[in-house]
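J.: Got a structure for you, data39.csv, holding CSV, C-alpha atoms.
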chain,number,residue,atom,x,y,z
A,21,MET,CA,-29.3,19.0,-34.4
A,22,PRO,CA,-32.2,18.2,-32.1
A,23,VAL,CA,-30.7,19.6,-29.0
A,24,SER,CA,-33.3,21.9,-27.4
A,25,THR,CA,-32.2,25.5,-27.9
A,26,ALA,CA,-35.1,26.8,-25.8
A,27,ASN,CA,-34.3,24.6,-22.9
A,28,SER,CA,-30.5,25.3,-23.2
A,29,LYS,CA,-31.4,29.0,-22.9
A,30,ILE,CA,-33.5,28.4,-19.8
A,31,ILE,CA,-30.5,26.6,-18.2
A,32,PHE,CA,-28.0,29.3,-19.2
A,33,ASP,CA,-30.3,32.0,-18.0
A,34,ALA,CA,-30.8,30.2,-14.6
A,35,LEU,CA,-27.0,30.0,-14.2
A,36,LYS,CA,-26.6,33.6,-14.9
A,37,GLU,CA,-29.5,34.6,-12.6
A,38,GLY,CA,-27.7,32.6,-9.9
A,39,GLY,CA,-24.6,34.7,-10.3
A,40,VAL,CA,-22.4,32.3,-12.2
A,41,ARG,CA,-19.8,34.2,-14.0
A,42,LEU,CA,-17.3,31.5,-15.0
A,43,MET,CA,-18.2,28.3,-16.8
A,44,SER,CA,-15.8,25.6,-17.7
A,45,ALA,CA,-16.7,23.1,-20.4
A,46,LEU,CA,-15.8,20.4,-22.7
A,47,PRO,CA,-17.7,19.9,-26.0
A,48,GLU,CA,-20.7,17.5,-25.6
A,49,THR,CA,-23.5,17.4,-28.1
A,50,TRP,CA,-26.2,18.1,-25.6
A,51,LEU,CA,-24.3,21.2,-24.3
A,52,VAL,CA,-23.5,22.9,-27.6
A,53,HIS,CA,-26.0,25.6,-27.2
A,54,VAL,CA,-25.3,26.3,-23.5
A,55,ILE,CA,-21.6,26.5,-24.3
A,56,ARG,CA,-22.2,28.9,-27.3
A,57,MET,CA,-24.4,31.1,-25.1
A,58,ALA,CA,-21.6,31.2,-22.5
A,59,GLU,CA,-19.1,32.1,-25.2
A,60,ASP,CA,-21.3,34.9,-26.6
A,61,ASP,CA,-22.1,36.5,-23.2
A,62,PRO,CA,-19.7,39.2,-22.3
A,63,ASP,CA,-20.6,38.8,-18.6
A,64,VAL,CA,-19.5,35.2,-18.5
A,65,THR,CA,-15.9,33.8,-18.8
A,66,LEU,CA,-16.0,30.5,-20.7
A,67,VAL,CA,-13.0,28.2,-20.1
A,68,ARG,CA,-12.7,25.5,-22.7
A,69,LEU,CA,-10.9,22.6,-21.1
A,70,ALA,CA,-8.6,19.8,-22.4
A,71,LYS,CA,-9.9,17.4,-19.7
A,72,GLU,CA,-12.7,17.8,-17.2
A,73,GLU,CA,-10.6,17.5,-14.0
A,74,GLU,CA,-9.0,20.8,-14.9
A,75,GLY,CA,-12.4,22.4,-14.5
A,76,VAL,CA,-12.5,21.3,-10.8
A,77,GLY,CA,-9.2,23.1,-10.2
A,78,ILE,CA,-10.4,26.2,-12.0
A,79,SER,CA,-13.7,26.2,-10.1
A,80,MET,CA,-11.7,25.8,-6.8
A,81,GLY,CA,-9.6,28.8,-7.7
A,82,ALA,CA,-12.6,30.9,-8.8
A,83,HIS,CA,-14.4,30.1,-5.6
A,84,LEU,CA,-11.5,31.0,-3.4
A,85,ALA,CA,-11.2,34.2,-5.4
A,86,GLY,CA,-14.9,35.1,-4.9
A,87,VAL,CA,-16.4,34.2,-8.3
A,88,LYS,CA,-19.3,31.8,-8.8
A,89,SER,CA,-18.7,29.1,-11.4
A,90,ALA,CA,-20.2,26.0,-12.9
A,91,MET,CA,-18.8,23.0,-14.8
A,92,LEU,CA,-20.6,21.8,-17.9
A,93,MET,CA,-19.7,18.3,-18.9
A,94,GLN,CA,-20.9,14.9,-20.0
A,95,ASN,CA,-21.3,12.1,-17.4
A,96,HIS,CA,-18.2,10.5,-18.9
A,97,GLY,CA,-16.4,13.8,-18.2
A,98,PHE,CA,-17.5,13.6,-14.7
A,99,LEU,CA,-16.2,10.1,-14.5
A,100,ALA,CA,-12.8,11.4,-15.8
A,101,SER,CA,-12.7,14.0,-13.1
A,102,ILE,CA,-13.4,12.0,-9.9
A,103,ASN,CA,-10.0,12.3,-8.2
A,104,ALA,CA,-10.2,16.1,-8.6
A,105,VAL,CA,-13.7,16.1,-7.1
A,106,VAL,CA,-12.6,13.9,-4.2
A,107,SER,CA,-9.1,15.3,-3.5
A,108,GLY,CA,-9.8,18.8,-4.5
A,109,ALA,CA,-13.4,19.9,-4.2
A,110,GLN,CA,-14.4,17.6,-1.4
A,111,LEU,CA,-11.1,17.7,0.6
A,112,TYR,CA,-11.2,21.5,0.5
A,113,ARG,CA,-14.9,21.9,0.9
A,114,ILE,CA,-15.6,23.7,-2.3
A,115,PRO,CA,-19.3,24.4,-3.4
A,116,LEU,CA,-18.8,22.9,-6.8
A,117,LEU,CA,-21.8,23.2,-9.1
A,118,MET,CA,-21.5,20.4,-11.7
A,119,LEU,CA,-24.0,20.3,-14.6
A,120,ILE,CA,-23.7,16.8,-16.1
A,121,THR,CA,-25.5,15.5,-19.1
A,122,ASP,CA,-27.2,12.2,-18.4
A,123,ARG,CA,-26.1,10.2,-21.4
A,124,GLY,CA,-26.5,6.4,-21.8
A,125,THR,CA,-29.8,5.9,-20.1
A,126,PHE,CA,-33.3,5.1,-21.4
A,127,GLY,CA,-33.6,6.3,-25.0
A,128,GLU,CA,-29.9,6.3,-25.7
A,129,GLY,CA,-29.1,5.2,-29.2
A,130,ASP,CA,-25.3,5.4,-29.0
A,131,PRO,CA,-23.8,2.1,-27.8
A,132,TRP,CA,-20.7,3.8,-26.5
A,133,GLN,CA,-22.6,5.9,-24.0
A,134,THR,CA,-24.4,3.0,-22.3
A,135,GLU,CA,-21.8,1.8,-19.7
A,136,GLY,CA,-21.3,5.3,-18.3
A,137,GLY,CA,-25.1,5.9,-18.2
A,138,ALA,CA,-25.5,2.8,-16.1
A,139,VAL,CA,-23.0,3.8,-13.4
A,140,THR,CA,-23.2,7.6,-13.2
A,141,GLU,CA,-25.7,7.9,-10.4
A,142,HIS,CA,-24.1,5.0,-8.5
A,143,VAL,CA,-20.8,6.8,-8.6
A,144,LEU,CA,-22.4,10.1,-7.4
A,145,ASN,CA,-24.1,8.2,-4.6
A,146,ALA,CA,-20.8,6.6,-3.6
A,147,LEU,CA,-19.2,10.0,-3.4
A,148,ARG,CA,-22.2,11.3,-1.3
A,149,ILE,CA,-22.8,14.0,-3.9
A,150,PRO,CA,-26.5,15.1,-3.9
A,151,ILE,CA,-28.2,14.7,-7.3
A,152,MET,CA,-30.8,17.2,-8.7
A,153,ARG,CA,-32.4,15.9,-11.9
A,154,LEU,CA,-33.6,18.4,-14.5
A,155,ASP,CA,-36.2,17.1,-17.0
A,156,ASP,CA,-39.0,19.7,-16.9
A,157,PRO,CA,-38.1,23.2,-18.3
A,158,ALA,CA,-40.6,24.8,-15.9
A,159,GLN,CA,-38.6,23.5,-12.9
A,160,VAL,CA,-35.1,24.3,-14.2
A,161,ALA,CA,-34.6,27.8,-12.7
A,162,HIS,CA,-36.0,26.7,-9.3
A,163,ARG,CA,-34.0,23.5,-9.1
A,164,ILE,CA,-30.7,25.1,-10.2
A,165,ARG,CA,-31.2,27.7,-7.5
A,166,GLN,CA,-31.9,25.0,-4.9
A,167,ALA,CA,-28.7,23.1,-6.0
A,168,GLN,CA,-26.6,26.3,-5.7
A,169,THR,CA,-28.1,27.0,-2.3
A,170,LEU,CA,-27.2,23.5,-1.0
A,171,ALA,CA,-23.7,23.7,-2.5
A,172,ALA,CA,-23.1,27.0,-0.8
A,173,SER,CA,-24.5,26.0,2.6
A,174,SER,CA,-22.8,22.6,2.7
A,175,ASN,CA,-19.6,23.8,1.1
A,176,ARG,CA,-19.6,20.6,-1.0
A,177,PRO,CA,-20.1,19.6,-4.7
A,178,VAL,CA,-23.6,19.0,-6.0
A,179,ALA,CA,-24.6,17.4,-9.3
A,180,VAL,CA,-27.3,18.7,-11.6
A,181,LEU,CA,-28.2,16.0,-14.1
A,182,LEU,CA,-29.4,17.3,-17.4
A,183,MET,CA,-31.9,14.6,-18.6
A,184,ARG,CA,-32.7,13.5,-22.1
A,185,ASP,CA,-36.3,14.8,-22.0
A,186,LEU,CA,-35.0,18.3,-21.2
A,187,MET,CA,-32.1,18.4,-23.7
A,188,TRP,CA,-33.1,16.3,-26.7
A,189,GLU,CA,-36.0,16.9,-29.0
A,190,ALA,CA,-35.8,13.9,-31.3
A,191,ALA,CA,-39.0,12.2,-32.1
B,23,MET,CA,20.3,24.4,-6.7
B,24,THR,CA,17.9,23.2,-4.1
B,25,ARG,CA,14.2,24.0,-4.2
B,26,LEU,CA,14.4,25.3,-0.7
B,27,ASP,CA,17.1,27.8,-1.6
B,28,ALA,CA,15.1,28.8,-4.7
B,29,LEU,CA,12.0,29.4,-2.5
B,30,ARG,CA,14.1,31.4,0.0
B,31,ALA,CA,15.5,33.5,-2.8
B,32,VAL,CA,12.1,34.7,-4.0
B,33,TYR,CA,10.2,34.5,-0.7
B,34,GLY,CA,10.2,38.3,-0.2
B,35,ARG,CA,8.8,38.8,-3.7
B,36,LEU,CA,5.7,36.7,-2.8
B,37,GLU,CA,4.2,39.3,-0.4
B,38,PRO,CA,1.8,40.9,-2.9
B,39,CYS,CA,0.9,37.6,-4.7
B,40,ALA,CA,-1.7,34.9,-4.4
B,41,VAL,CA,0.5,31.8,-4.2
B,42,VAL,CA,-0.6,28.2,-5.0
B,43,THR,CA,1.7,25.3,-4.4
B,44,ILE,CA,1.5,21.6,-5.0
B,45,MET,CA,1.6,18.9,-2.3
B,46,GLY,CA,4.4,17.4,-0.4
B,47,ALA,CA,7.9,18.8,-0.4
B,48,VAL,CA,7.1,22.2,-2.0
B,49,ALA,CA,4.3,22.9,0.5
B,50,ALA,CA,6.4,21.8,3.5
B,51,GLU,CA,9.4,23.7,2.4
B,52,LEU,CA,7.5,27.0,1.8
B,53,GLN,CA,5.9,26.6,5.2
B,54,SER,CA,9.3,26.0,6.8
B,55,ILE,CA,10.4,29.4,5.5
B,56,GLY,CA,7.2,31.0,6.9
B,57,HIS,CA,3.5,30.5,6.2
B,58,ARG,CA,1.6,33.5,5.1
B,59,GLU,CA,-2.2,34.0,4.6
B,60,ASN,CA,-1.7,34.5,0.9
B,61,PHE,CA,-0.3,31.0,0.4
B,62,PHE,CA,-2.6,28.1,-0.5
B,63,TYR,CA,-1.2,24.5,-0.5
B,64,LEU,CA,-3.0,22.1,-2.7
B,65,GLN,CA,-2.1,19.0,-0.7
B,66,HIS,CA,-3.7,16.5,-3.1
B,67,ALA,CA,-5.5,16.5,-6.5
B,68,MET,CA,-2.1,16.1,-8.1
B,69,GLY,CA,-1.7,18.1,-11.3
B,70,LEU,CA,-4.3,20.8,-10.6
B,71,ALA,CA,-2.3,23.5,-8.9
B,72,SER,CA,-1.9,25.3,-12.3
B,73,SER,CA,-5.7,24.9,-12.8
B,74,VAL,CA,-6.4,26.4,-9.4
B,75,GLY,CA,-4.0,29.2,-10.3
B,76,LEU,CA,-5.8,29.8,-13.6
B,77,GLY,CA,-9.1,30.0,-11.8
B,78,ILE,CA,-7.8,32.6,-9.4
B,79,ALA,CA,-6.0,34.6,-12.2
B,80,LEU,CA,-9.0,34.8,-14.4
B,81,SER,CA,-11.3,35.7,-11.5
B,82,ARG,CA,-9.0,38.4,-10.0
B,83,PRO,CA,-6.9,39.8,-12.9
B,84,GLU,CA,-5.5,42.6,-10.8
B,85,ILE,CA,-3.8,40.2,-8.3
B,86,PRO,CA,-0.5,38.6,-9.3
B,87,VAL,CA,-0.7,34.9,-9.0
B,88,VAL,CA,2.3,32.5,-8.6
B,89,VAL,CA,2.0,28.8,-8.9
B,90,PHE,CA,4.8,26.5,-7.6
B,91,ASP,CA,4.3,23.3,-9.6
B,92,GLY,CA,6.5,20.2,-10.0
B,93,ASP,CA,7.5,18.0,-12.8
B,94,GLY,CA,5.5,15.0,-11.6
B,95,SER,CA,2.4,17.2,-11.2
B,96,VAL,CA,2.7,18.9,-14.6
B,97,LEU,CA,3.1,15.5,-16.3
B,98,MET,CA,-0.2,14.5,-14.8
B,99,ASN,CA,-1.9,17.5,-16.4
B,100,LEU,CA,-0.1,18.3,-19.6
B,101,GLY,CA,-3.4,19.3,-21.1
B,102,GLY,CA,-3.6,22.0,-18.5
B,103,LEU,CA,-0.7,23.7,-20.2
B,104,THR,CA,-2.8,24.1,-23.3
B,105,THR,CA,-5.6,25.6,-21.3
B,106,LEU,CA,-3.2,28.0,-19.5
B,107,ALA,CA,-1.8,29.0,-22.9
B,108,ARG,CA,-5.3,29.5,-24.4
B,109,TYR,CA,-6.4,32.0,-21.8
B,110,ARG,CA,-2.9,33.2,-21.0
B,111,PRO,CA,-3.7,35.4,-18.0
B,112,ALA,CA,-1.1,38.2,-17.8
B,113,ASN,CA,-1.1,37.9,-14.0
B,114,LEU,CA,0.0,34.3,-13.8
B,115,LEU,CA,3.5,33.1,-13.2
B,116,HIS,CA,3.8,29.3,-13.4
B,117,VAL,CA,7.0,28.0,-11.8
B,118,VAL,CA,7.9,24.3,-12.2
B,119,PHE,CA,10.4,22.8,-9.9
B,120,ASP,CA,11.9,20.0,-11.9
B,121,ASN,CA,13.8,17.4,-9.8
B,122,GLU,CA,13.2,14.6,-12.3
B,123,SER,CA,11.6,12.6,-9.6
B,124,LEU,CA,8.3,11.9,-7.7
B,125,LEU,CA,10.3,12.7,-4.6
B,126,SER,CA,7.4,13.0,-2.2
B,127,VAL,CA,6.2,9.5,-2.9
B,128,GLY,CA,9.5,7.7,-2.9
B,129,GLY,CA,11.7,9.1,-5.7
B,130,PHE,CA,10.2,7.3,-8.7
B,131,PRO,CA,12.0,9.0,-11.7
B,132,THR,CA,9.8,11.0,-14.0
B,133,ALA,CA,10.0,11.4,-17.8
B,134,THR,CA,12.0,14.6,-17.4
B,135,SER,CA,14.8,12.3,-16.3
B,136,THR,CA,14.8,10.6,-19.7
B,137,GLY,CA,14.6,13.7,-21.8
B,138,THR,CA,11.1,15.3,-21.6
B,139,ASP,CA,11.7,19.1,-21.7
B,140,LEU,CA,8.9,20.8,-19.8
B,141,ALA,CA,9.8,24.3,-20.9
B,142,ALA,CA,9.7,23.2,-24.5
B,143,VAL,CA,6.4,21.4,-23.9
B,144,ALA,CA,4.9,24.6,-22.4
B,145,ALA,CA,6.2,26.6,-25.3
B,146,ALA,CA,4.8,24.2,-27.8
B,147,ALA,CA,1.5,24.3,-25.9
B,148,GLY,CA,1.4,28.0,-26.6
B,149,VAL,CA,2.6,29.5,-23.4
B,150,PRO,CA,3.9,32.9,-24.6
B,151,ARG,CA,7.0,33.1,-22.3
B,152,THR,CA,9.0,30.2,-21.1
B,153,ALA,CA,12.4,29.8,-19.4
B,154,ALA,CA,14.6,27.1,-18.1
B,155,VAL,CA,17.1,27.7,-15.4
B,156,SER,CA,19.4,25.8,-13.1
B,157,THR,CA,21.1,28.3,-10.8
B,158,ILE,CA,19.7,30.5,-8.1
B,159,ALA,CA,20.9,33.7,-9.8
B,160,ASP,CA,19.2,32.7,-13.1
B,161,PHE,CA,16.1,31.7,-11.2
B,162,VAL,CA,15.7,35.0,-9.5
B,163,ALA,CA,16.4,36.9,-12.7
B,164,ALA,CA,13.9,34.9,-14.6
B,165,PHE,CA,11.3,35.2,-11.8
B,166,ASP,CA,11.7,39.0,-11.8
B,167,ALA,CA,11.7,39.2,-15.6
B,168,ALA,CA,8.4,37.3,-15.7
B,169,GLN,CA,6.8,39.6,-13.1
B,170,ARG,CA,7.9,42.6,-15.1
B,171,ALA,CA,6.7,41.2,-18.4
B,172,ARG,CA,3.1,40.9,-17.3
B,173,GLU,CA,2.7,37.9,-19.6
B,174,LEU,CA,1.9,34.3,-18.8
B,175,THR,CA,5.2,32.6,-18.1
B,176,THR,CA,6.2,29.0,-17.4
B,177,LEU,CA,9.6,29.0,-15.6
B,178,VAL,CA,11.2,25.6,-15.2
B,179,ALA,CA,13.8,25.4,-12.5
B,180,LYS,CA,16.0,22.3,-12.4
B,181,VAL,CA,16.5,21.4,-8.8
B,182,ASP,CA,18.1,18.7,-6.7
B,183,ALA,CA,16.0,15.7,-5.8
B,184,LYS,CA,16.1,16.6,-2.1
B,185,GLY,CA,13.2,17.4,0.2
B,186,PRO,CA,12.3,17.9,3.8
B,187,ALA,CA,12.2,15.0,6.3
B,188,ALA,CA,8.5,15.3,6.8
B,189,PHE,CA,5.6,16.5,4.7
B,190,VAL,CA,2.8,16.9,7.3
B,191,THR,CA,2.8,20.2,9.0
B,192,ASP,CA,0.5,21.6,11.8
B,193,LEU,CA,-1.4,23.8,9.4
B,194,GLY,CA,-4.8,22.3,8.8
B,195,LEU,CA,-6.0,21.9,5.2
B,196,LEU,CA,-9.3,23.7,5.8
B,197,GLU,CA,-7.7,26.3,8.1
B,198,ASN,CA,-5.4,27.2,5.2
B,199,ARG,CA,-8.2,27.1,2.6
B,200,PHE,CA,-10.5,29.5,4.6
B,201,GLN,CA,-7.7,31.8,5.6
B,202,PHE,CA,-6.6,32.1,1.9
B,203,GLN,CA,-10.2,32.8,0.8
B,204,ARG,CA,-10.5,35.5,3.4
B,205,TYR,CA,-7.2,37.0,2.3
B,206,LEU,CA,-8.4,37.2,-1.3
B,207,GLU,CA,-11.7,38.8,0.0
B,208,SER,CA,-9.7,41.4,1.8
B,209,ARG,CA,-7.8,42.4,-1.3
Render the structure in this file as structure tokens.

T.:
Amino acid sequence: MPVSTANSKIIFDALKEGGVRLMSALPETWLVHVIRMAEDDPDVTLVRLAKEEEGVGISMGAHLAGVKSAMLMQNHGFLASINAVVSGAQLYRIPLLMLITDRGTFGEGDPWQTEGGAVTEHVLNALRIPIMRLDDPAQVAHRIRQAQTLAASSNRPVAVLLMRDLMWEAA
Amino acid sequence: MTRLDALRAVYGRLEPCAVVTIMGAVAAELQSIGHRENFFYLQHAMGLASSVGLGIALSRPEIPVVVFDGDGSVLMNLGGLTTLARYRPANLLHVVFDNESLLSVGGFPTATSTGTDLAAVAAAAGVPRTAAVSTIADFVAAFDAAQRARELTTLVAKVDAKGPAAFVTDLGLLENRFQFQRYLESR
């Protein structure tokens, strides 16, 4: 599978370095390595979800209980979780760190991803959620730290978009 | 039994617990008995009270967590039962007040009014302990048994479709949220 193991490790290490101890996730091709790393790491609690909106509730609870968390999901999973983001994380001012794979944009070969790809950033903008794009492995740690810092200082969700050039190594 | 009487019956037992409730009648009734800093009322995001409780329970395994859920909310997040069951935190008691109605939004009958059995759904999802009760005495006994068992329990309490006259209280949502967070920090 041409998902970048090396860049997945950079992402996972940056989350750990930032103090993230709970990650919730749904399977997504681009996230398989990050999810496996979370599962294999004894310092990280991985919560496998049935649907992404649960992850918003779990991250709310973790934050109120003093644990830093992150959500790992596809952009369609983000679209499925919007009411939880609005009526949970935004209403209650939770610094929610969402790592969202940017499927369905330039280079996408799967027809079923393309509608979601076309609307993801528009929806994030409509929700006033700041977007940090990760496409260069050299910038990953720095940008994840900046995203965490803004989430914490604003007490609001932030979106870190995992772009194709970072995650996918197909020719 | 009424939900208010059920809440009154276990109110004293909530003192050492982190408590998460759903919106509407449950939140207003618990506040009418007496708000405490260890109570968090999820006044929207329907369905996610059990997920918030799971996040707290996994993060602070030494603190007993009680979630007061409702049939309408559980039906919006049935998948969440499978996630609860998968991680089955021993410190989480999931109470579901089942009045067979979306009472807080006008009384629309839920699927439990036509036969859906939420205790059976929870058991089939893999929740290790489940119980269904319909009297105050049975509710209190099942609540205590769940706390003693130290095992994830979903306790379904059939209650009357009755609620308070008003749902908005003078406790601000963010006031509640930050107070609850500081309470957990202090534990």

J.: Select residues of chain A: the criterion is any atom within 10 Å of an atom of chain B, counting only C-alpha atoms; output as a ChimeraX atom specification.

T.: /A:41-42,44,65-71,73-89,102-109,111-114

J.: Please produce a file of those selected residues containing C-alpha atoms, as a PDB file, in the frame of the given file.

T.:
ATOM      1  CA  ARG A  41     -19.800  34.200 -14.000  1.00  0.00           C
ATOM      2  CA  LEU A  42     -17.300  31.500 -15.000  1.00  0.00           C
ATOM      3  CA  SER A  44     -15.800  25.600 -17.700  1.00  0.00           C
ATOM      4  CA  THR A  65     -15.900  33.800 -18.800  1.00  0.00           C
ATOM      5  CA  LEU A  66     -16.000  30.500 -20.700  1.00  0.00           C
ATOM      6  CA  VAL A  67     -13.000  28.200 -20.100  1.00  0.00           C
ATOM      7  CA  ARG A  68     -12.700  25.500 -22.700  1.00  0.00           C
ATOM      8  CA  LEU A  69     -10.900  22.600 -21.100  1.00  0.00           C
ATOM      9  CA  ALA A  70      -8.600  19.800 -22.400  1.00  0.00           C
ATOM     10  CA  LYS A  71      -9.900  17.400 -19.700  1.00  0.00           C
ATOM     11  CA  GLU A  73     -10.600  17.500 -14.000  1.00  0.00           C
ATOM     12  CA  GLU A  74      -9.000  20.800 -14.900  1.00  0.00           C
ATOM     13  CA  GLY A  75     -12.400  22.400 -14.500  1.00  0.00           C
ATOM     14  CA  VAL A  76     -12.500  21.300 -10.800  1.00  0.00           C
ATOM     15  CA  GLY A  77      -9.200  23.100 -10.200  1.00  0.00           C
ATOM     16  CA  ILE A  78     -10.400  26.200 -12.000  1.00  0.00           C
ATOM     17  CA  SER A  79     -13.700  26.200 -10.100  1.00  0.00           C
ATOM     18  CA  MET A  80     -11.700  25.800  -6.800  1.00  0.00           C
ATOM     19  CA  GLY A  81      -9.600  28.800  -7.700  1.00  0.00           C
ATOM     20  CA  ALA A  82     -12.600  30.900  -8.800  1.00  0.00           C
ATOM     21  CA  HIS A  83     -14.400  30.100  -5.600  1.00  0.00           C
ATOM     22  CA  LEU A  84     -11.500  31.000  -3.400  1.00  0.00           C
ATOM     23  CA  ALA A  85     -11.200  34.200  -5.400  1.00  0.00           C
ATOM     24  CA  GLY A  86     -14.900  35.100  -4.900  1.00  0.00           C
ATOM     25  CA  VAL A  87     -16.400  34.200  -8.300  1.00  0.00           C
ATOM     26  CA  LYS A  88     -19.300  31.800  -8.800  1.00  0.00           C
ATOM     27  CA  SER A  89     -18.700  29.100 -11.400  1.00  0.00           C
ATOM     28  CA  ILE A 102     -13.400  12.000  -9.900  1.00  0.00           C
ATOM     29  CA  ASN A 103     -10.000  12.300  -8.200  1.00  0.00           C
ATOM     30  CA  ALA A 104     -10.200  16.100  -8.600  1.00  0.00           C
ATOM     31  CA  VAL A 105     -13.700  16.100  -7.100  1.00  0.00           C
ATOM     32  CA  VAL A 106     -12.600  13.900  -4.200  1.00  0.00           C
ATOM     33  CA  SER A 107      -9.100  15.300  -3.500  1.00  0.00           C
ATOM     34  CA  GLY A 108      -9.800  18.800  -4.500  1.00  0.00           C
ATOM     35  CA  ALA A 109     -13.400  19.900  -4.200  1.00  0.00           C
ATOM     36  CA  LEU A 111     -11.100  17.700   0.600  1.00  0.00           C
ATOM     37  CA  TYR A 112     -11.200  21.500   0.500  1.00  0.00           C
ATOM     38  CA  ARG A 113     -14.900  21.900   0.900  1.00  0.00           C
ATOM     39  CA  ILE A 114     -15.600  23.700  -2.300  1.00  0.00           C
TER      40      ILE A 114
END

J.: Might you pull out every residue within 8 Å of Arg151 in chain B, with all atoms listed in the file counted and same-chain residues fewer than 4 positions away left off, and present them as a compact mmCIF listing (two decimals) with C-alpha atoms, keeping the file's coordinate frame?

T.:
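Printed below is selection-v1.txt as written:
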# COMPACT_ATOMS: atom_id res chain seq x y z
CA ALA B 145 6.20 26.60 -25.30
CA ALA B 168 8.40 37.30 -15.70
CA GLU B 173 2.70 37.90 -19.60
CA LEU B 174 1.90 34.30 -18.80
CA THR B 175 5.20 32.60 -18.10
CA THR B 176 6.20 29.00 -17.40

J.: Go through B:Ile55, B:Ala171, B:Met98, B:Ala147 one by one, measure the shortest atom-to-atom distance of each to Ala133 in chain B using all atoms listed in the file, and give the residue with the smallest value.

T.: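 So, comparing all the options, the nearest one is B:Met98.
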
J.: CA of Leu116 in chain A and CA of His96 in chain A, how far apart in Å?

T.: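 Answer for the CA of His96 in chain A to CA of Leu116 in chain A separation: 17.3 Å.
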
J.: What is the distance, in Å and to one decimal place, between CA of Arg165 in chain A and CA of Val64 in chain A?

T.: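 Between CA of Arg165 in chain A and CA of Val64 in chain A the gap is 17.7 Å.
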
J.: Using only C-alpha atoms, which residue out of B:Ser95, B:Ser135, B:Leu140, B:Arg58 lies closest to Ala153 in chain B?

T.: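 Checking each candidate against Ala153 in chain B, we get B:Leu140 as the closest.
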
J.: Please determine, counting all atoms listed in the file, which residue among A:Asp156, A:Glu189, A:Asp63, A:Glu48 has the shortest atom-to-atom distance to Asp33 in chain A.

T.: A:Asp63

J.: To one decimal in Å, tell me the separation between CA of Pro186 in chain B and CA of Leu29 in chain B.

T.: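 That distance, rounded to one decimal, is 13.1 Å.
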
J.: Using only C-alpha atoms, can you tell me which of A:Ile31, A:Met187, A:Met91, A:Leu144 comes closest to Pro115 in chain A?

T.: A:Met91

J.: Which residue is closest to Val54 in chain A? Choose from A:Asn95, A:Gln110, A:Thr121, A:Ser101 and count only C-alpha atoms.

T.: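 The shortest atom-to-atom distance to Val54 in chain A comes from A:Thr121.
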
J.: Counting all atoms listed in the file, what is within 12 Å of Leu170 in chain A, bar same-chain residues fewer than 2 positions away, as number ranges by chain?

T.: A: 114-117, 149-152, 163-168, 172-180

J.: Given the choices A:Gly38, A:Asn145, A:Pro22, A:Leu92, which gets closest to Leu51 in chain A if the distance is worked out from all atoms listed in the file?

T.: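 Nearest candidate to Leu51 in chain A out of A:Gly38, A:Asn145, A:Pro22, A:Leu92: A:Leu92.
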
J.: Can you pull out every residue within 7 Å of Gly94 in chain B, counting all atoms listed in the file, but drop anything in the same chain fewer than 5 positions away, and send it as a PDB file with C-alpha atoms, in the coordinates of the input?

T.:
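Writing the result to result.pdb gives the following:
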ATOM      1  CA  SER B 123      11.600  12.600  -9.600  1.00  0.00           C
ATOM      2  CA  LEU B 124       8.300  11.900  -7.700  1.00  0.00           C
ATOM      3  CA  THR B 132       9.800  11.000 -14.000  1.00  0.00           C
TER       4      THR B 132
END
